[in-house]
Every structure is written in C-alpha cells, then in structure tokens.
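Engineer: So I've got this file, coords27.cif, and it contains mmCIF, C-alpha atoms and all ligand atoms:
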```cif
data_structure
#
loop_
_atom_site.label_atom_id
_atom_site.label_comp_id
_atom_site.auth_asym_id
_atom_site.auth_seq_id
_atom_site.Cartn_x
_atom_site.Cartn_y
_atom_site.Cartn_z
CA MET A 1 7.76 -26.32 -6.28
CA ASN A 2 8.75 -27.71 -2.91
CA GLU A 3 6.81 -27.24 0.25
CA LYS A 4 8.92 -24.40 1.53
CA ASN A 5 8.23 -22.40 -1.58
CA LEU A 6 4.54 -22.98 -1.19
CA ASP A 7 4.75 -21.67 2.32
CA HIS A 8 6.26 -18.55 0.95
CA SER A 9 3.70 -17.89 -1.70
CA HIS A 10 1.84 -15.36 0.38
CA GLY A 11 4.79 -13.05 0.13
CA HIS A 12 6.22 -13.25 3.63
CA LEU A 13 2.99 -12.66 5.41
CA GLU A 14 3.48 -15.61 7.71
CA GLN A 15 6.68 -14.31 9.29
CA ASP A 16 4.66 -11.42 10.65
CA ASN A 17 1.66 -13.58 11.52
CA LEU A 18 -0.38 -11.97 8.80
CA ASP A 19 -2.77 -13.59 6.40
CA SER A 20 -4.99 -12.32 3.63
CA PHE A 21 -8.19 -12.85 1.73
CA THR A 22 -9.64 -11.49 -1.45
CA LEU A 23 -13.27 -11.02 -2.41
CA ILE A 24 -14.45 -10.11 -5.87
CA ILE A 25 -18.19 -9.67 -6.03
CA GLU A 26 -19.99 -8.86 -9.25
CA LYS A 27 -23.62 -7.82 -9.05
CA LYS A 28 -26.48 -7.29 -11.45
CA LEU A 29 -29.34 -5.74 -9.52
CA ASP A 30 -33.04 -6.28 -10.22
CA LYS A 31 -33.79 -2.80 -9.05
CA LYS A 32 -31.56 0.21 -9.53
CA GLN A 33 -29.91 1.69 -6.43
CA GLU A 34 -28.27 5.02 -5.74
CA GLN A 35 -24.49 4.96 -5.79
CA GLU A 36 -24.38 6.80 -2.48
CA ASN A 37 -26.47 4.14 -0.75
CA ILE A 38 -24.22 1.41 -2.00
CA LYS A 39 -21.15 3.29 -0.87
CA ASN A 40 -22.59 3.80 2.62
CA CYS A 41 -23.59 0.19 2.97
CA ILE A 42 -20.19 -1.11 1.87
CA SER A 43 -18.54 1.36 4.21
CA LYS A 44 -20.43 -0.19 7.13
CA VAL A 45 -19.47 -3.69 6.05
CA ILE A 46 -15.80 -2.71 5.91
CA GLU A 47 -16.02 -1.01 9.26
CA SER A 48 -17.48 -4.05 10.95
CA LEU A 49 -14.92 -6.26 9.23
CA GLY A 50 -12.12 -4.11 10.62
CA LYS A 51 -13.63 -4.09 14.09
CA LYS A 52 -13.93 -7.85 14.04
CA ILE A 53 -10.24 -8.14 13.11
CA ILE A 54 -9.29 -5.88 16.00
CA GLU A 55 -11.48 -7.87 18.34
CA VAL A 56 -10.15 -11.33 17.53
CA GLY A 57 -6.53 -10.41 16.66
CA PRO A 58 -3.76 -8.56 18.46
CA GLY A 59 -5.59 -5.25 18.32
CA ILE A 60 -4.68 -3.87 14.92
CA ILE A 61 -6.25 -4.10 11.48
CA GLY A 62 -3.38 -4.37 9.02
CA HIS A 63 -4.93 -3.05 5.82
CA ILE A 64 -8.33 -3.59 4.29
CA LYS A 65 -8.64 -1.95 0.93
CA GLY A 66 -10.63 -2.23 -2.22
CA ARG A 67 -12.69 -0.65 -4.93
CA ILE A 68 -16.30 -0.22 -5.83
CA GLU A 69 -16.75 0.04 -9.56
CA MET A 70 -20.15 1.41 -10.45
CA LYS A 71 -20.80 4.04 -13.08
CA ASP A 72 -18.22 5.94 -11.06
CA LYS A 73 -15.27 4.24 -9.47
CA ILE A 74 -14.20 4.76 -5.90
CA ARG A 75 -11.64 3.14 -3.69
CA PHE A 76 -11.60 2.64 0.03
CA SER A 77 -9.06 1.92 2.68
CA PHE A 78 -9.27 1.03 6.35
CA VAL A 79 -6.10 0.97 8.46
CA ASP A 80 -7.18 2.02 11.90
CA GLU A 81 -10.25 2.89 13.87
CA LYS A 82 -9.26 6.48 14.46
CA GLN A 83 -8.96 7.21 10.75
CA GLY A 84 -12.06 5.17 9.93
CA VAL A 85 -13.01 3.83 6.51
CA GLU A 86 -11.68 6.31 3.98
CA PHE A 87 -12.98 6.73 0.46
CA GLU A 88 -11.25 8.41 -2.43
CA GLY A 89 -12.62 9.32 -5.81
CA ASN A 90 -15.82 11.14 -6.67
CA ILE A 91 -19.25 9.75 -7.25
CA ASN A 92 -22.44 11.27 -8.46
CA SER A 93 -24.46 10.36 -5.34
CA GLU A 94 -27.92 10.20 -6.82
CA GLU A 95 -26.99 8.37 -9.97
CA LYS A 96 -28.77 5.02 -9.94
CA ILE A 97 -27.05 1.93 -11.19
CA ASP A 98 -27.84 -1.76 -11.55
CA GLU A 99 -24.43 -3.20 -12.26
CA LEU A 100 -21.34 -3.12 -10.12
CA GLU A 101 -18.22 -4.85 -8.98
CA ILE A 102 -16.73 -4.82 -5.50
CA LYS A 103 -13.19 -5.90 -4.76
CA ILE A 104 -11.89 -6.32 -1.26
CA LEU A 105 -8.36 -7.23 -0.19
CA ALA A 106 -7.75 -7.75 3.50
CA VAL A 107 -4.23 -8.28 4.83
CA VAL A 108 -4.70 -8.84 8.51
CA PRO A 109 -3.13 -10.33 11.65
CA VAL A 110 -5.73 -13.09 11.82
CA GLY A 111 -5.57 -16.37 9.96
CA GLY A 112 -6.83 -19.90 9.56
CA LYS A 113 -10.39 -20.87 10.35
CA GLU A 114 -11.11 -17.59 12.05
CA LEU A 115 -10.24 -15.65 8.92
CA LYS A 116 -12.29 -18.00 6.70
CA LYS A 117 -15.29 -17.35 8.91
CA ILE A 118 -14.75 -13.61 8.71
CA LYS A 119 -14.43 -13.74 4.95
CA LYS A 120 -17.70 -15.66 4.63
CA LYS A 121 -19.46 -13.23 6.92
CA THR A 122 -18.14 -10.28 4.94
CA LYS A 123 -19.47 -11.72 1.71
CA GLU A 124 -22.88 -12.23 3.29
CA GLU A 125 -22.88 -8.69 4.60
CA VAL A 126 -22.04 -7.31 1.16
CA ASP A 127 -24.88 -9.34 -0.34
CA LYS A 128 -27.26 -7.82 2.20
CA CYS A 129 -26.57 -4.39 0.73
CA PHE A 130 -28.50 -5.44 -2.31
CA ASN A 131 -31.82 -6.74 -1.02
CA MET B 1 24.48 5.57 -21.87
CA PHE B 2 21.43 6.57 -19.93
CA GLU B 3 21.27 5.91 -16.22
CA THR B 4 18.42 4.33 -14.34
CA ASN B 5 17.93 4.89 -10.65
CA PHE B 6 15.80 2.60 -8.60
CA VAL B 7 13.60 4.04 -5.88
CA ILE B 8 12.10 1.56 -3.43
CA VAL B 9 9.07 2.83 -1.57
CA THR B 10 8.44 0.68 1.42
CA GLY B 11 6.55 0.88 4.69
CA PHE B 12 4.01 -1.26 6.47
CA LEU B 13 0.54 -1.94 5.04
CA GLY B 14 -1.52 1.21 4.77
CA THR B 15 1.20 3.71 5.62
CA GLY B 16 0.50 5.65 2.41
CA LYS B 17 2.91 4.22 -0.17
CA THR B 18 0.52 4.35 -3.11
CA THR B 19 -0.74 7.82 -2.18
CA PHE B 20 2.85 9.02 -1.92
CA ILE B 21 3.93 7.44 -5.22
CA ILE B 22 1.12 9.14 -7.10
CA GLU B 23 2.43 12.52 -5.94
CA LEU B 24 6.10 11.60 -6.30
CA ALA B 25 5.72 10.34 -9.86
CA LYS B 26 3.73 13.41 -10.84
CA ARG B 27 6.36 15.79 -9.49
CA LEU B 28 9.30 13.90 -10.92
CA THR B 29 7.64 13.94 -14.33
CA GLU B 30 6.21 17.44 -14.38
CA GLU B 31 8.69 19.41 -12.32
CA LYS B 32 11.92 17.51 -12.79
CA ASP B 33 11.37 16.31 -16.31
CA LYS B 34 12.18 12.70 -15.48
CA LYS B 35 11.02 9.59 -17.25
CA ILE B 36 9.39 7.36 -14.66
CA ASN B 37 8.18 3.78 -14.54
CA ILE B 38 6.31 2.27 -11.65
CA LEU B 39 6.35 -1.34 -10.45
CA VAL B 40 3.87 -2.58 -7.87
CA ASN B 41 4.26 -5.73 -5.83
CA ASP B 42 0.85 -6.48 -4.37
CA PHE B 43 -0.90 -9.40 -2.69
CA GLY B 44 -3.54 -11.64 -4.06
CA GLN B 45 -5.18 -11.89 -7.43
CA ILE B 46 -6.41 -8.35 -7.46
CA ALA B 47 -4.23 -5.38 -8.19
CA ILE B 48 -5.97 -2.63 -6.27
CA ASP B 49 -2.92 -0.37 -6.24
CA GLY B 50 -2.25 -0.85 -9.94
CA GLU B 51 -5.80 0.18 -10.71
CA THR B 52 -5.59 3.16 -8.39
CA LEU B 53 -2.46 4.36 -10.18
CA ASN B 54 -4.30 3.88 -13.48
CA ASP B 55 -7.08 6.14 -12.17
CA PHE B 56 -4.44 8.85 -11.92
CA GLY B 57 -3.28 8.29 -15.46
CA MET B 58 -0.19 6.36 -14.43
CA GLU B 59 0.68 3.03 -15.79
CA ALA B 60 2.02 0.57 -13.30
CA LYS B 61 3.46 -2.84 -14.02
CA ARG B 62 2.29 -5.44 -11.57
CA ILE B 63 4.32 -8.12 -9.95
CA THR B 64 1.96 -10.52 -8.26
CA LYS B 65 2.09 -14.14 -7.12
CA GLY B 66 4.61 -13.53 -4.40
CA CYS B 67 7.11 -11.26 -2.79
CA VAL B 68 9.84 -9.51 -4.79
CA CYS B 69 12.29 -10.35 -2.06
CA CYS B 70 11.94 -14.09 -2.57
CA GLU B 71 9.95 -16.20 -4.98
CA VAL B 72 9.36 -13.66 -7.72
CA LYS B 73 12.85 -12.16 -7.77
CA GLN B 74 13.21 -13.19 -11.39
CA ASP B 75 10.01 -11.37 -12.34
CA LEU B 76 11.45 -8.23 -10.85
CA VAL B 77 14.65 -8.59 -12.84
CA ALA B 78 12.72 -9.30 -16.04
CA GLN B 79 10.55 -6.23 -15.54
CA ILE B 80 13.53 -3.96 -14.92
CA ARG B 81 15.37 -5.22 -17.98
CA ASP B 82 12.27 -4.89 -20.09
CA LEU B 83 11.60 -1.32 -18.92
CA LYS B 84 15.20 -0.28 -19.51
CA LYS B 85 15.16 -1.70 -23.00
CA ASN B 86 11.81 -0.26 -24.06
CA PHE B 87 11.45 2.99 -22.14
CA GLU B 88 14.90 4.02 -20.95
CA PRO B 89 13.50 5.39 -17.69
CA ASP B 90 15.51 7.78 -15.50
CA ILE B 91 13.84 6.35 -12.45
CA ILE B 92 12.01 3.13 -11.71
CA ILE B 93 9.84 3.29 -8.61
CA LEU B 94 8.95 0.06 -6.81
CA GLU B 95 6.08 -0.10 -4.35
CA THR B 96 6.80 -3.07 -2.12
CA SER B 97 4.09 -5.16 -0.57
CA GLY B 98 4.63 -3.66 2.86
CA VAL B 99 6.22 -6.71 4.43
CA ALA B 100 9.15 -7.26 2.08
CA SER B 101 12.70 -7.58 3.40
CA LEU B 102 15.02 -5.11 1.78
CA LEU B 103 18.42 -6.80 1.58
CA PRO B 104 17.35 -9.52 -0.86
CA ILE B 105 15.82 -6.86 -3.10
CA TYR B 106 19.10 -4.91 -3.15
CA ARG B 107 21.04 -8.02 -4.03
CA THR B 108 18.61 -8.82 -6.82
CA VAL B 109 18.52 -5.44 -8.52
CA GLU B 110 21.91 -3.88 -7.88
CA GLN B 111 23.50 -5.21 -11.04
CA TYR B 112 20.70 -3.83 -13.23
CA VAL B 113 20.39 -0.27 -11.95
CA ASP B 114 22.81 2.57 -11.30
CA GLU B 115 21.65 3.70 -7.91
CA ILE B 116 19.21 2.46 -5.32
CA GLU B 117 17.37 4.75 -2.95
CA THR B 118 15.07 3.43 -0.25
CA LEU B 119 12.23 5.49 1.16
CA THR B 120 10.43 4.08 4.18
CA LEU B 121 7.07 5.46 5.20
CA ILE B 122 5.78 5.29 8.71
CA ASP B 123 2.35 6.14 9.94
CA VAL B 124 2.05 8.72 12.72
CA SER B 125 -0.88 7.13 14.45
CA ARG B 126 0.25 3.51 14.33
CA TYR B 127 4.01 3.73 14.87
CA ASP B 128 4.09 2.25 18.37
CA LYS B 129 1.82 -0.68 17.65
CA LEU B 130 3.51 -1.58 14.40
CA MET B 131 7.00 -1.39 15.88
CA GLU B 132 5.90 -3.61 18.68
CA LYS B 133 4.20 -6.26 16.58
CA PHE B 134 6.06 -6.47 13.28
CA ARG B 135 9.73 -7.17 12.77
CA THR B 136 9.63 -6.02 9.16
CA VAL B 137 9.05 -2.46 10.27
CA GLU B 138 12.43 -2.41 11.99
CA ASN B 139 14.07 -3.84 8.90
CA GLN B 140 12.50 -1.15 6.75
CA LEU B 141 13.70 1.62 9.05
CA THR B 142 17.18 0.22 9.37
CA PHE B 143 17.86 0.15 5.64
CA ALA B 144 16.12 3.35 4.62
CA ASP B 145 17.98 6.27 3.03
CA ARG B 146 15.03 8.46 3.90
CA ILE B 147 12.42 7.88 6.54
CA LEU B 148 9.17 9.64 5.84
CA ILE B 149 6.88 10.18 8.79
CA ASN B 150 3.59 10.31 6.92
CA LYS B 151 0.09 11.49 7.83
CA ILE B 152 1.40 14.39 9.91
CA ASP B 153 -1.96 16.04 9.29
CA LEU B 154 -3.41 13.60 11.83
CA ALA B 155 -1.11 14.49 14.71
CA ASP B 156 -0.98 17.54 16.95
CA ASP B 157 2.31 19.19 17.93
CA GLU B 158 2.77 17.11 21.02
CA GLU B 159 2.14 13.80 19.28
CA MET B 160 4.49 14.90 16.53
CA LYS B 161 7.24 15.67 19.00
CA LYS B 162 6.86 12.31 20.68
CA ILE B 163 7.01 10.29 17.52
CA GLU B 164 9.94 12.28 16.18
CA GLU B 165 11.84 11.56 19.35
CA LYS B 166 11.11 7.87 19.15
CA VAL B 167 12.05 7.55 15.51
CA SER B 168 15.21 9.62 15.97
CA LYS B 169 16.25 7.47 18.88
CA PHE B 170 15.85 4.34 16.82
CA LEU B 171 17.72 5.85 13.87
CA ASN B 172 20.59 7.13 16.00
CA LYS B 173 21.22 3.59 17.04
CA GLU B 174 20.39 1.56 13.94
CA ASN B 175 20.62 3.92 10.97
CA PRO B 176 22.47 7.15 11.78
CA ASP B 177 22.71 8.17 8.11
CA GLY B 178 18.98 7.88 7.53
CA GLN B 179 17.37 11.24 6.82
CA LEU B 180 14.12 12.05 8.50
CA HIS B 181 11.28 13.88 6.72
CA LYS B 182 7.84 14.81 7.92
CA ILE B 183 5.18 14.65 5.24
CA SER B 184 1.56 14.28 4.42
CA ALA B 185 1.22 12.43 1.13
CA ARG B 186 -2.47 13.14 0.98
CA LYS B 187 -2.33 16.80 1.93
CA LYS B 188 0.86 17.21 -0.13
CA ILE B 189 2.91 18.64 2.71
CA GLY B 190 6.69 18.43 2.99
CA LEU B 191 7.31 16.66 -0.30
CA GLU B 192 9.65 19.17 -1.99
CA ASN B 193 12.77 18.10 -0.12
CA VAL B 194 12.08 14.44 -0.70
CA VAL B 195 11.64 14.96 -4.43
CA SER B 196 14.75 17.13 -4.72
CA GLY B 197 16.74 14.63 -2.69
CA ILE B 198 15.87 11.89 -5.13
CA VAL B 199 16.95 13.73 -8.26
CA GLN B 200 20.17 15.32 -7.03
N1 LIG C 1 -4.70 11.54 6.81
C1 LIG C 1 -3.85 11.05 5.90
N2 LIG C 1 -4.14 9.89 5.30
C2 LIG C 1 -3.28 9.43 4.37
C3 LIG C 1 -2.09 10.11 4.03
N3 LIG C 1 -1.43 9.39 3.09
C4 LIG C 1 -2.21 8.30 2.85
N4 LIG C 1 -3.32 8.32 3.61
C5 LIG C 1 -4.43 7.34 3.65
O1 LIG C 1 -3.96 6.11 4.16
C6 LIG C 1 -4.66 5.04 3.54
C7 LIG C 1 -3.68 4.03 2.97
O2 LIG C 1 -2.97 4.64 1.92
P1 LIG C 1 -2.25 3.83 0.76
O3 LIG C 1 -1.55 4.82 -0.10
O4 LIG C 1 -3.20 2.90 0.10
O5 LIG C 1 -1.20 2.98 1.63
P2 LIG C 1 -0.22 1.78 1.19
O6 LIG C 1 -0.90 0.51 1.58
O7 LIG C 1 1.02 2.00 1.97
O8 LIG C 1 -0.01 1.89 -0.30
C8 LIG C 1 -5.57 5.66 2.48
O9 LIG C 1 -6.87 5.80 2.99
C9 LIG C 1 -4.92 7.02 2.25
O10 LIG C 1 -5.83 8.00 1.83
C10 LIG C 1 -1.81 11.36 4.70
O11 LIG C 1 -0.81 12.03 4.46
N5 LIG C 1 -2.73 11.76 5.63
MG MG C 2 -0.29 0.47 -1.77
#
```
What is this file in structure tokens?
Ligand SMILES: Nc1nc2c(ncn2[C@@H]2O[C@H](COP(=O)(O)OP(=O)(O)O)[C@@H](O)[C@H]2O)c(=O)[nH]1
Ligand SMILES: [Mg+2]
Structural biologist:
Amino acid sequence: MNEKNLDHSHGHLEQDNLDSFTLIIEKKLDKKQEQENIKNCISKVIESLGKKIIEVGPGIIGHIKGRIEMKDKIRFSFVDEKQGVEFEGNINSEEKIDELEIKILAVVPVGGKELKKIKKKTKEEVDKCFN
Amino acid sequence: MFETNFVIVTGFLGTGKTTFIIELAKRLTEEKDKKINILVNDFGQIAIDGETLNDFGMEAKRITKGCVCCEVKQDLVAQIRDLKKNFEPDIIILETSGVASLLPIYRTVEQYVDEIETLTLIDVSRYDKLMEKFRTVENQLTFADRILINKIDLADDEEMKKIEEKVSKFLNKENPDGQLHKISARKKIGLENVVSGIVQ
C-alpha cells in the first residue's frame, strides 16, 4: 500500500477534519454493582467527553456512540448537547453484575495529540466507575 | 431473472441512519413482502451499528477497514455479488459511514444492481452547523433522490418552517428533483411515503 492509501484508511475522515478513536474495555469486578449505577456513571463520562470535544474543537461533537454489555445490553449515542446522551435498550436497573464490556467509538472534529489525550482521559474516567 | 435494487442510506454522523434502517427494513419485509439485506460501512474495529441491528433481529454484513467510496470498493462489490447469489434479495440497503462521497459508490455498484436510490438524512437541530462545517453534507444532499429531514419530534413549528425553507432553497438550486420528506425515525413518523416510494 502506498502512502496515499494509508492516508485514506480512516475512510475519508481527514477531508472533513474529522478523526476517530475506539475504546474497548472489559471488566471483571471484585464487587458486584447495579447495572443502573454503571449506566449512569458511563453516561457522565460520555457527556464530559462530548463537552470536551465541543470545547477544544469547532463547537460540534460529531458522533460518540457505543454499547454497554452487561447482563442486559444497552447502547448509547451522543450527537449534540441539546439532545444529551441517549440510551436505547432496556435494563433491569437493580440487577447486580460483576462482568461487563464497554465499547466506545468517537468520530469527532478533533485530532492528533489533543484527541490522544482525550482518549486517555476517557479511559481513566471509565475505570473510575468501578472503584 | 430477479431484480435487486440498491438503497443507499446516507447522512452525516448521528443523523439517524441506523435508527431509520431498522424501521425501513422491518416495513419492507413485513408490509411489502420484500427480501432485504443490509450492508453497514462503519469506522474502526468495532461494529456498533452491526450489533445494534443484530439486537433487532436483523443480520447486517459489515464492511470495515475503510470507506466504500474508495479503498474498500472491491469489498462492496464482493458483498453485493455474494448476496445476490445466495439470497436473491429484492433490496440491498447500504448504511454509509456518514462521510462517504456518493459518485464513486454509484460508479462501483451500478453494473451489479438494477436500480439505485439514495436517501439522505439530515438532522433538524444540527443542519446549520453541519452545512457550514462539512462539505460532505452538501454532496449528500446534491445526489439524493429523497431528502429526509429527521428528528422532527425535536423541533417546534417555527424551527421546522425555517429548516424546510433552507433545505428547499438549497435543493431548488442544486437538486431540483430531490423529494423532501419530514420524518422521525425514532418516533416512527412520516415513514409511509418513504417506504412506498422505494418499492414502487
Ligand atoms: N429525537 C430523535 N432522535 C433520533 C431520531 N432518529 C434517531 N435519533 C437518535 O439519534 C442518535 C443517532 O442515531 P443513529 O441511528 O445511531 O445515527 P447514525 O449515526 O446516522 O446511524 C441516536 O441516539 C438515536 O436514537 C428521531 O427521529 N428523533
Ligand atoms: Mg449508524
């Protein structure tokens, strides 16, 4: 593959000054937690991620989306502040679980070092949900 | 010989493509008795949309590792040929990544399908900002057969009027044949005409 092709391997993001990152976080918890608590905590993480993108970029989010796979599976999506972080799918709130997987895909108008920093911070914030 | 139509669902990131396709595929299958296949072109290693469609009992083939309008063109062709051979679908629906250019996709698929229909979603609350910042949005509107103003549940009458005016103005100039629909994919509003338009 030549260099031009490599440039293109993000699927055209660069022509619109977009970039992306992916996080896949698998967790085995020492102590069981309620699904609802986990959902709320992740929701806050996603919200602050989106706000950060708005703050450092040209004022829009792009799309942050993902899934939380616990005993029940839910997906979330964050496209603008007015709509907020939206969840779809049902969970049994009080059900306690000790194993889960979180996937986050952010396609945003921020790139380079700045985005790497934001990704790292997001991962740390997710980890904090489980202390 | 059976015929396969190709429906491209495009629109910027987060405009509601996946939500819309879930409803569209359901209606085409249940109400119009059509055999449907879905292709999803998503970013990154994770196929969030593919999994979401699976949650709704729909199988979606994933095309990852790039954009269907450039480096994974051949994947797209291979998938279409494979689906036609094994499933004989009436309609193949493609969810684009949200930033794909349309012309290269047409050129790639036109020899493998009988008809191509492009549906472009736009998002009521972000139209101005997206038009201002992203060239792809213009491209998607210019080549659309149908333009679906989505998330109308979020706008009041006045906002609706404003956005309709803006979109109409753009279409009058750049895409006078494009048909305008107002929908809410999530609240399932205004979808009948879109569905009927696709099957006629
Ligand atoms: N209020 C509202 N939200 C919607 C509508 N359609 C989709 N959404 C939401 O918009 C977000 C992005 O939707 P998605 O289908 O993932 O967009 P995509 O990136 O274009 O595939 C999700 O949170 C959806 O629930 C709608 O008609 N009204
Ligand atoms: Mg999608």
Engineer: Could you give me the residues within 6 Å of ligand MG 2 (chain C), counting all atoms listed in the file, as a ChimeraX atom specification?
Structural biologist: /B:17-18,49
Engineer: Those same residues - C-alpha atoms - I'd like them written as a PDB file, in the coordinates of the input.
Structural biologist:
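Output below, filename selection01.pdb:
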```
ATOM      1  CA  LYS B  17       2.910   4.220  -0.170  1.00  0.00           C
ATOM      2  CA  THR B  18       0.520   4.350  -3.110  1.00  0.00           C
ATOM      3  CA  ASP B  49      -2.920  -0.370  -6.240  1.00  0.00           C
TER       4      ASP B  49
END
```
Engineer: Give the answer as one residue: which of A:Arg67, A:Val79, A:Leu18, A:Leu13 has the shortest atom-to-atom distance to ligand LIG 1 (chain C), using only C-alpha atoms and all ligand atoms?
Structural biologist: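 Using only C-alpha atoms and all ligand atoms, the shortest distance to ligand LIG 1 (chain C) belongs to A:Val79.
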Engineer: So what do you get for atom O9 of ligand LIG 1 (chain C) versus CA of Gly14 in chain B, distance-wise?
Structural biologist: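 Distance reported for this atom pair: 7.3 Å.
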Engineer: Which residues are near ligand LIG 1 (chain C) - at most 8 Å, using all atoms listed in the file? Format: as a count of residues only.
Structural biologist: 40
Engineer: Got a sec to pull out which chain A residues are within 10 Å of chain B, counting all atoms listed in the file, and send them as a PyMOL selection string?
Structural biologist: chain A and resi 5-6+8-18+20-24+58-67+73-80+82-83+88-89+103-109
Engineer: List the spatial neighbours of Ile38 in chain B as a ChimeraX atom specification - criterion: any atom at most 12 Å away, only C-alpha atoms, same-chain residues fewer than 6 positions off excluded.
Structural biologist: /B:5-9,18,21-22,24-26,49-50,53-54,57-63,76,79-80,83,87,89-96
Engineer: In Å to one decimal, how far is CA of Ile102 in chain A from CA of Glu26 in chain A?
Structural biologist: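 Atom-to-atom, CA of Glu26 in chain A to CA of Ile102 in chain A, that is 6.4 Å.
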Engineer: Find the residues near Lys85 in chain B: any atom within 12 Å, counting only C-alpha atoms, skip ones fewer than 6 places away on the same chain, and give them as a PDB file with C-alpha atoms, in the coordinates of the input.
Structural biologist:
```
ATOM      1  CA  MET B   1      24.480   5.570 -21.870  1.00  0.00           C
ATOM      2  CA  PHE B   2      21.430   6.570 -19.930  1.00  0.00           C
ATOM      3  CA  GLU B   3      21.270   5.910 -16.220  1.00  0.00           C
ATOM      4  CA  THR B   4      18.420   4.330 -14.340  1.00  0.00           C
ATOM      5  CA  ALA B  78      12.720  -9.300 -16.040  1.00  0.00           C
ATOM      6  CA  GLN B  79      10.550  -6.230 -15.540  1.00  0.00           C
ATOM      7  CA  TYR B 112      20.700  -3.830 -13.230  1.00  0.00           C
TER       8      TYR B 112
END
```
Engineer: If you take only C-alpha atoms and a cut-off of 9 Å, which residues of range 42-129 of chain B touch range 160-163 of chain B, and what are their nearest atom pairs and distances in Å to one decimal, in chain and number order, as JSON lines?
Structural biologist:
```
{"residue": "B:Val124", "atom": "CA", "partner": "B:Ile163", "partner_atom": "CA", "distance": 7.1}
{"residue": "B:Tyr127", "atom": "CA", "partner": "B:Ile163", "partner_atom": "CA", "distance": 7.7}
{"residue": "B:Asp128", "atom": "CA", "partner": "B:Ile163", "partner_atom": "CA", "distance": 8.6}
```
Engineer: Of the candidates A:Leu100, A:Asn131, A:Val56, A:Lys28, which shows the shortest atom-to-atom distance to Lys113 in chain A, using only C-alpha atoms?
Structural biologist: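 Checking each candidate against Lys113 in chain A, we get A:Val56 as the closest.
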Engineer: Excluding same-chain residues fewer than 3 positions from Ser168 in chain B, what lies within 12 Å of it counting all atoms listed in the file, as a list in words?
Structural biologist: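 Counting only the stated atoms, we get Leu141, Thr142, Ile147, Leu148, Ile149, Met160, Lys161, Lys162, Ile163, Glu164, Glu165, Leu171, Asn172, Lys173, Glu174, Asn175, Pro176, Asp177, Gly178, Gln179, Leu180 and His181 of chain B.
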Engineer: Any idea what the distance is between CA of Met70 in chain A and CA of Cys41 in chain A?
Structural biologist: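 So the two atoms, CA of Met70 in chain A and CA of Cys41 in chain A, lie 13.9 Å apart.
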Engineer: Point out the residue among A:Ser93, A:Ser43, A:Gln33, A:Ser48 with the least atom-to-atom distance to Lys121 in chain A, counting only C-alpha atoms.
Structural biologist: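 So, comparing all the options, the nearest one is A:Ser48.
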Engineer: Which residue is closest to Glu69 in chain A? Choose from A:Lys31, A:Lys116, A:Lys123, A:Lys39 and count all atoms listed in the file.
Structural biologist: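 Of A:Lys31, A:Lys116, A:Lys123, A:Lys39, the one nearest Glu69 in chain A, counting all atoms listed in the file, is A:Lys39.
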